[in-house]
Amino acid sequence: MDHNRPSLAFRLWRRLVTAVGDWQTKKRPPLCGRQEYEEVIPKLLPGDVVLHRDDRFGPCNWFIGGLMIHAGIYIGNGYIVEAVSEGVVKRPVWHILESDYTMVVRPNGRFTAEGCDYWSMPKEVFEACMKANAIEGFEYDMLFDFCDAVEFDALEKIEFNFVPKAWKEKAKQAGISFCCTEVPYFCYYPVREELGLFRRRNVSVLTKALGWIGLPTGEAVIDADMYVTAHGFDLVWCSASASLGWANYMRASEAMLYKMTAYWAGRRR
């Protein structure tokens with residue numbers, strides 16, 4: 001987490017992460033372009049989790065493992081809340097859909113929203129969208145030190161339909177911050193077990209190296225692939241580029257391939 005008086009190592013690391021986030025290594029159009037993603041926008045429902053991987057920004061992929069590397073939550077009216085290097089932002093959903101590989105997953109079962117009317121959707125989905133709005137403006141977690149249960153339980157006490165500015169500033173000063181995959185997880189935190197959202201151990205070489213120079217990261221991470229493989233989410237859309245052939249080439253997990261196989265089989269009918 002960020003500290004009020006960050007060390008020199010942290011300040012240098014923050015500069016590096018910000019620079020990498022703004023660095024586009026290949027000037028080319030995304031594989032999933034406007035003509036393709038505009039078709040899915042009208043079909044999105046509040047509470048959907050939108051995932052992507054963009055190989056035009058190669059260095060960004062060094063920090064996050066898995067097939068997909070970024071996640072945000074759709075809140076309706078064409079907007080998504082996501083965490084980027086500038087912090088937690090609310091912006092048009094095309095920002096995340098316009099990528100190389102894109103997927104949309106949706107809570108299933110009793111959490112399924114039937115439409116975009118907030119007052120008729122499940123309570124858990126409504127609150128997830130309110131929480132997304134509540135954390136807009138929080139800082140980006142440069143160390144991928146994912147919030148633990150204590151921090152999340154503290155944030156759960158927010159009145160999400162009205163967030164006192166003083167409390168929000170206090171939470172920021174305490175160092176509460178979010179990285180991209182953490183935003184939907186926080187929004188669905190109260191029902192994470194019912195949805196099948198589980199962290200995995202943080203064993204990457206990069207995170208171990210950061211620990212060696214005095215920048216400890218979290219012991220468990222939330223990766224983007226988890227939203228696809230979780231039993232409480234259905235894979236409802238993939239860009240054409242996110243094919244089974246590509247997933248096999250990328251050595252996707254068995255659980256990921258299972259969901260993708262079912263999706264593409266249904267789409268071809």
# chains A, B, ... in the order shown; residues from 1 in each chain; ligands from 1
>>> residues_around(residues="Pro107 in chain A", least_positions_apart="4", cutoff="9 Å", atoms="only C-alpha atoms", output="PDB file with N, CA and C atoms, in the first residue's frame")
ATOM      1  N   GLY A  47     -23.156  -4.381 -13.610  1.00  0.00           N
ATOM      2  CA  GLY A  47     -22.609  -5.498 -12.850  1.00  0.00           C
ATOM      3  C   GLY A  47     -21.747  -6.424 -13.672  1.00  0.00           C
ATOM      4  N   ASP A  48     -21.807  -6.310 -15.007  1.00  0.00           N
ATOM      5  CA  ASP A  48     -20.922  -7.114 -15.848  1.00  0.00           C
ATOM      6  C   ASP A  48     -19.469  -6.760 -15.558  1.00  0.00           C
ATOM      7  N   VAL A  49     -18.610  -7.759 -15.632  1.00  0.00           N
ATOM      8  CA  VAL A  49     -17.168  -7.534 -15.491  1.00  0.00           C
ATOM      9  C   VAL A  49     -16.548  -7.652 -16.875  1.00  0.00           C
ATOM     10  N   PHE A 111     -28.054 -13.777  -9.063  1.00  0.00           N
ATOM     11  CA  PHE A 111     -27.404 -12.482  -9.219  1.00  0.00           C
ATOM     12  C   PHE A 111     -27.605 -11.894 -10.626  1.00  0.00           C
ATOM     13  N   THR A 112     -28.309 -12.609 -11.482  1.00  0.00           N
ATOM     14  CA  THR A 112     -28.474 -12.154 -12.854  1.00  0.00           C
ATOM     15  C   THR A 112     -29.419 -10.961 -12.927  1.00  0.00           C
ATOM     16  N   ALA A 113     -28.951  -9.892 -13.562  1.00  0.00           N
ATOM     17  CA  ALA A 113     -29.792  -8.719 -13.784  1.00  0.00           C
ATOM     18  C   ALA A 113     -30.586  -8.925 -15.068  1.00  0.00           C
ATOM     19  N   VAL A 125     -26.081  -6.826  -7.064  1.00  0.00           N
ATOM     20  CA  VAL A 125     -25.567  -6.166  -8.263  1.00  0.00           C
ATOM     21  C   VAL A 125     -25.713  -4.652  -8.130  1.00  0.00           C
ATOM     22  N   LEU A 195     -20.057 -16.468  -5.432  1.00  0.00           N
ATOM     23  CA  LEU A 195     -19.713 -16.301  -6.845  1.00  0.00           C
ATOM     24  C   LEU A 195     -18.492 -17.129  -7.246  1.00  0.00           C
ATOM     25  N   GLY A 232     -19.654 -18.659 -10.423  1.00  0.00           N
ATOM     26  CA  GLY A 232     -20.758 -17.715 -10.327  1.00  0.00           C
ATOM     27  C   GLY A 232     -20.848 -16.728 -11.470  1.00  0.00           C
ATOM     28  N   PHE A 233     -19.994 -16.864 -12.473  1.00  0.00           N
ATOM     29  CA  PHE A 233     -20.016 -15.966 -13.628  1.00  0.00           C
ATOM     30  C   PHE A 233     -20.140 -16.760 -14.917  1.00  0.00           C
ATOM     31  N   ASP A 234     -20.930 -16.221 -15.841  1.00  0.00           N
ATOM     32  CA  ASP A 234     -21.038 -16.795 -17.180  1.00  0.00           C
ATOM     33  C   ASP A 234     -20.240 -15.948 -18.156  1.00  0.00           C
TER      34      ASP A 234
END
>>> residues_around(residues="Phe198 in chain A", least_positions_apart="6", cutoff="8 Å", atoms="only C-alpha atoms", output="PyMOL selection string")
chain A and resi 192+222+226
>>> closest_residue(among="A:Gly33, A:Gly245, A:Gly109, A:Pro190", to="Met260 in chain A", atoms="only C-alpha atoms")
A:Gly245
>>> residues_around(residues="Ser243 in chain A", least_positions_apart="6", cutoff="10 Å", atoms="only C-alpha atoms", output="PyMOL selection string")
chain A and resi 101+249+257+260-261+264
>>> closest_residue(among="A:Met142, A:Cys238, A:Leu51, A:Ala252", to="Glu39 in chain A", atoms="only C-alpha atoms")
A:Cys238
>>> atom_distance(atom1="CA of His231 in chain A", atom2="CA of Glu194 in chain A")
8.6 Å
>>> closest_residue(among="A:His95, A:Lys90, A:Arg28, A:Arg110", to="Phe138 in chain A", atoms="only C-alpha atoms")
A:Lys90
>>> atom_distance(atom1="CA of Glu193 in chain A", atom2="CA of Ala230 in chain A")
9.6 Å
>>> closest_residue(among="A:Thr181, A:Asn133, A:Ser85, A:Thr229", to="Ile69 in chain A", atoms="only C-alpha atoms")
A:Thr181
>>> closest_residue(among="A:Val105, A:Cys187, A:Val81, A:Cys180", to="Lys131 in chain A", atoms="only C-alpha atoms")
A:Cys187
>>> residues_around(residues="Tyr118 in chain A", least_positions_apart="5", cutoff="12 Å", atoms="only C-alpha atoms", output="list in words")
Leu45, Pro46, Gly47, Ile75, Gly76, Asn77, Ala113, Lys123, Glu124, Val125, Phe126, Glu127, Ala128, Cys129 and Met130 of chain A
>>> residues_around(residues="Trp94 in chain A", least_positions_apart="5", cutoff="10 Å", atoms="only C-alpha atoms", output="list of chain:residue names")
A:Gly33, A:Arg34, A:Tyr37, A:Glu38, A:Ile41, A:Gly78, A:Tyr79, A:Ile80, A:Ser99
>>> closest_residue(among="A:Asp225, A:Glu136, A:Glu254, A:Glu114", to="Glu82 in chain A", atoms="only C-alpha atoms")
A:Glu136
